[in-house]
Structures are given as C-alpha cells and as structure tokens.
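**Q** Here it is, the structure in full.
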Amino acid sequence: GVLADRTDRKRLMLVTQVFMAVIATLFAIDVWLGHVKVSHIFIFTLLVGTGTGINQTARQTVTANVVPRKDLVNAVALGAVSFNITRVIGPAVGGYLIGLIGMAGNFFIQAGCYVGTLVMVLPLRLLRDPSAERRNQSQAAAMEAARSRGVRVPAVHGVTSVMGRPGIVMERIEGPDLLTLIGKRPWTVFKVGRVCGEMHAQLHAVQVPGVIAPL
C-alpha cells in the first residue's frame with residue numbers, strides 16, 4: 001500500500017510483472033532440469049507471493065485512474081468477479097496443463113502469462129482528476145484562513161503534485177496520534193472527545209466569504 005501511494009502505480013505494476021516472469025521462468029528451468037528441491041519451492045512461493053501482493057495492491061488502486069468516476073462502481077465489481085473466477089478456474093486449468101505438458105511446461109506458461117499481462121499494462125493510460133488540484137487549493141486556503149483566526153490547525157506550506165497526484169504539504173506535528181493516545185490511556189477518551197468537539201466548534205465559527213462556505 002505504501003509503495004502504491006508513493007510511487008508511479010503503472011511502473012510498479014510493470015516492475016512486479018517482470019519480476020514474477022523472471023522468477024517463474026527460472027523455476028520452470030529448475031523443474032525442467034530436475035534440480036528442484038523443497039527449499040526451491042518455498043523460495044519460489046515467497047517471491048511470487050510478494051510480487052503478487054504488491055502488484056495486486058497497485059492494480060486495485062489504479063482502477064480509479066483507468067475508468068471514469070461514473071463507471072467506477074461497475075469496474076470494481078467486475079474486477080472482484082474476475083478475481084474470484086480466476087481463483088476457481090485457475091487450479092483446474094493448472095491441473096489439466098500439468099497432465100498435458102508436465103510440471104515444467106506449466107510454469108513456463110505461468111511465466112508467459114506474466115509477460116502477457118505486462119504487454120497489456122504497457123499501453124495503459126491513467127486518467128487524472130482535473131478537479132483534485134482545485135479541491136486541494138481550496139482546502140489549503142480554508143486551513144490558512146482558519147489558522148489566521150486562531151484555530152489550531154497545521155500550517156500549510158503549499159500545494160504540490162507528486163507523479164501526477166496532487167497533495168498538500170503541511171506542518172509536521174510531533175507526538176502520538178489520537179488512536180495511540182486513547183489506546184494507551186483509555187480513560188482520557190472523554191477529554192480527547194471534548195477537545196475535538198471544541199476544535200470543530202471553532203472551525204464552524206470561522207466564516208471567510210469565497211474560501212469557506214457558511215455552515
């Protein structure tokens with residue numbers, strides 16, 4: 001998840017597909033030569049599982065950048081259906097291929113499938129939300145206005161864009177977050193709630209025409 005948020009998602013998908021294709025090819029050669037051992041199987045499973053986990057996370061998060069917002073719900077549903085169908089049909093197809101072309105041939109086909117997915121990802125164009133930058137600018141202006149009126153909110157250092165994804169650069173505040181604080185001292189939950197309520201009341205009282213809409 002962290003990699004998908006901090007790196008280019010398309011590039012991450014391409015790198016993991018290449019990684020898994022290489023691992024599957026090496027394992028197929030190992031099986032074909034008859035040198036495979038139990039330890040090799042564990043290493044292969046660990047590496048491919050790691051690559052799949054990273055790739056799957058990036059693939060799921062990239063859905064919103066591939067289809068228009070109005071089709072997002074249908075796209076997520078179709079992705080979930082295709083994933084579950086693959087889990088059901090995949091083992092049956094794998095067993096048939098093992099009986100038809102042997103273990104090594106099955107892993108060569110697996111490597112080929114990774115390459116095929118790589119080819120399909122290459123022309124992928126990620127959509128950007130043109131209104132996201134405007135929303136961040138509006139939020140940054142609202143935070144600056146609230147701070148100038150005495151509300152204790154983080155200082156805004158600017159609005160930026162990292163790999164096409166806009167974001168707000170804010171002041172770093174040291175200290176534990178609320179969840180950690182309440183977890184360590186559950187008896188302070190009412191005090192924390194009161195502080196949060198007071199802050200929300202202060203935010204509701206701030207009125208800046210053209211920046212913060214009246215509530």
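Chain labels run A, B, ... following the order of the structure tokens; each chain numbers its residues from 1, and ligands are numbered from 1 in the order shown.
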So which residues touch A:Gly79 within 12 Å, counting only C-alpha atoms, skipping near sequence neighbours fewer than 3 positions away, as a list in words?

**A**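 Once the adjacent positions are removed, what remains is Gln56, Arg59, Gln60, Thr61, Val62, Thr63, Ala64, Leu72, Val73, Asn74, Ala75, Val76, Ser82, Phe83, Asn84, Ile85 and Thr86 of chain A.
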
**Q** Write a file of the just-selected residues containing C-alpha atoms, as a short mmCIF file (atom, residue, chain, number, x, y, z; two decimals), in the first residue's frame.

**A**
data_model
loop_
_atom_site.label_atom_id
_atom_site.label_comp_id
_atom_site.auth_asym_id
_atom_site.auth_seq_id
_atom_site.Cartn_x
_atom_site.Cartn_y
_atom_site.Cartn_z
CA GLN A 56 -2.46 -6.69 -6.74
CA ARG A 59 -3.81 -2.91 -9.66
CA GLN A 60 -6.73 -2.32 -7.29
CA THR A 61 -5.78 1.27 -6.52
CA VAL A 62 -5.24 2.11 -10.18
CA THR A 63 -8.87 1.32 -11.05
CA ALA A 64 -9.97 4.85 -10.18
CA LEU A 72 -16.11 3.16 -11.01
CA VAL A 73 -18.59 1.01 -9.06
CA ASN A 74 -19.14 -1.32 -12.03
CA ALA A 75 -15.39 -1.52 -12.67
CA VAL A 76 -14.65 -2.51 -9.06
CA SER A 82 -12.88 -11.75 -12.44
CA PHE A 83 -10.51 -12.25 -9.50
CA ASN A 84 -12.80 -14.81 -7.86
CA ILE A 85 -13.45 -16.62 -11.16
CA THR A 86 -9.70 -16.91 -11.68
#

**Q** Tell me which protein, DNA and RNA residues are within 9 Å of A:Thr25, counting only C-alpha atoms, leaving out same-chain ones fewer than 6 positions away, and put them as a list of chain:residue names.

**A**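 Close residues of A:Thr25: A:Phe107, A:Phe108, A:Ile109, A:Gln110, A:Ala111, A:Gly112.
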
**Q** Within chain A, find each residue whose DSSP state, derived from the backbone, is strand (DSSP E), and express the selection as a ChimeraX atom specification.

**A** /A:156-162,165-170

**Q** For the residues in that selection, give me N, CA, C and O atoms as a PDB file, in the first residue's frame.

**A**
ATOM      1  N   VAL A 156       0.066  25.367   6.476  1.00  0.00           N
ATOM      2  CA  VAL A 156       0.156  24.868   5.102  1.00  0.00           C
ATOM      3  C   VAL A 156       1.359  25.497   4.430  1.00  0.00           C
ATOM      4  O   VAL A 156       1.502  26.721   4.399  1.00  0.00           O
ATOM      5  N   HIS A 157       2.230  24.642   3.892  1.00  0.00           N
ATOM      6  CA  HIS A 157       3.438  25.135   3.214  1.00  0.00           C
ATOM      7  C   HIS A 157       3.265  25.224   1.704  1.00  0.00           C
ATOM      8  O   HIS A 157       4.099  25.810   1.026  1.00  0.00           O
ATOM      9  N   GLY A 158       2.215  24.624   1.178  1.00  0.00           N
ATOM     10  CA  GLY A 158       1.979  24.724  -0.253  1.00  0.00           C
ATOM     11  C   GLY A 158       1.198  23.545  -0.795  1.00  0.00           C
ATOM     12  O   GLY A 158       0.978  22.546  -0.102  1.00  0.00           O
ATOM     13  N   VAL A 159       0.772  23.682  -2.035  1.00  0.00           N
ATOM     14  CA  VAL A 159       0.074  22.613  -2.762  1.00  0.00           C
ATOM     15  C   VAL A 159       1.015  22.107  -3.840  1.00  0.00           C
ATOM     16  O   VAL A 159       1.577  22.901  -4.604  1.00  0.00           O
ATOM     17  N   THR A 160       1.211  20.821  -3.902  1.00  0.00           N
ATOM     18  CA  THR A 160       2.174  20.253  -4.835  1.00  0.00           C
ATOM     19  C   THR A 160       1.556  19.068  -5.562  1.00  0.00           C
ATOM     20  O   THR A 160       0.402  18.711  -5.336  1.00  0.00           O
ATOM     21  N   SER A 161       2.334  18.466  -6.439  1.00  0.00           N
ATOM     22  CA  SER A 161       1.891  17.294  -7.186  1.00  0.00           C
ATOM     23  C   SER A 161       3.056  16.320  -7.278  1.00  0.00           C
ATOM     24  O   SER A 161       4.170  16.713  -7.645  1.00  0.00           O
ATOM     25  N   VAL A 162       2.811  15.069  -6.903  1.00  0.00           N
ATOM     26  CA  VAL A 162       3.831  14.027  -6.947  1.00  0.00           C
ATOM     27  C   VAL A 162       3.359  12.935  -7.894  1.00  0.00           C
ATOM     28  O   VAL A 162       2.348  12.286  -7.647  1.00  0.00           O
ATOM     29  N   ARG A 165      -0.215  13.131  -8.864  1.00  0.00           N
ATOM     30  CA  ARG A 165      -1.220  13.108  -7.806  1.00  0.00           C
ATOM     31  C   ARG A 165      -1.034  14.345  -6.929  1.00  0.00           C
ATOM     32  O   ARG A 165      -0.006  14.480  -6.252  1.00  0.00           O
ATOM     33  N   PRO A 166      -2.010  15.262  -6.899  1.00  0.00           N
ATOM     34  CA  PRO A 166      -1.874  16.492  -6.113  1.00  0.00           C
ATOM     35  C   PRO A 166      -1.968  16.211  -4.623  1.00  0.00           C
ATOM     36  O   PRO A 166      -2.612  15.262  -4.189  1.00  0.00           O
ATOM     37  N   GLY A 167      -1.330  17.054  -3.848  1.00  0.00           N
ATOM     38  CA  GLY A 167      -1.372  16.912  -2.399  1.00  0.00           C
ATOM     39  C   GLY A 167      -1.035  18.228  -1.725  1.00  0.00           C
ATOM     40  O   GLY A 167      -0.611  19.188  -2.371  1.00  0.00           O
ATOM     41  N   ILE A 168      -1.241  18.269  -0.420  1.00  0.00           N
ATOM     42  CA  ILE A 168      -0.987  19.463   0.381  1.00  0.00           C
ATOM     43  C   ILE A 168       0.197  19.196   1.294  1.00  0.00           C
ATOM     44  O   ILE A 168       0.221  18.182   2.000  1.00  0.00           O
ATOM     45  N   VAL A 169       1.175  20.092   1.286  1.00  0.00           N
ATOM     46  CA  VAL A 169       2.329  19.978   2.174  1.00  0.00           C
ATOM     47  C   VAL A 169       2.013  20.751   3.444  1.00  0.00           C
ATOM     48  O   VAL A 169       1.844  21.975   3.415  1.00  0.00           O
ATOM     49  N   MET A 170       1.918  20.030   4.568  1.00  0.00           N
ATOM     50  CA  MET A 170       1.539  20.659   5.830  1.00  0.00           C
ATOM     51  C   MET A 170       2.647  20.542   6.860  1.00  0.00           C
ATOM     52  O   MET A 170       3.573  19.751   6.721  1.00  0.00           O
TER      53      MET A 170
END

**Q** List as a list in words the protein and nucleic acid residues near stretch 201-204 of chain A, meaning an atom at most 7 Å away when only C-alpha atoms are counted, but skip any in the same chain fewer than 3 places from it.

**A**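 So the residues in contact are Ala146, Val151, Gly197, Glu198 and Leu215 of chain A.
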
**Q** Go ahead and compute the interatomic distance for atom CA of A:His40 and atom CA of A:Phe19, in Å to one decimal.

**A** 16.5 Å

**Q** Counting only C-alpha atoms, which residue out of A:Ala145, A:Lys70, A:Ile43, A:Leu179 sits closest to A:Leu26?

**A**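 So, comparing all the options, the nearest one is A:Ile43.
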
**Q** Taking only C-alpha atoms into account, which of A:Ala104, A:Val88, A:Val15, A:Ile41 comes nearest A:Leu122?

**A**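 Smallest distance to A:Leu122 is found for A:Val15.
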
**Q** Please extract the residues of stretch 97-155 of chain A with a backbone DSSP assignment of helix (DSSP H, G or I) and present them as a count of residues only.

**A** 44
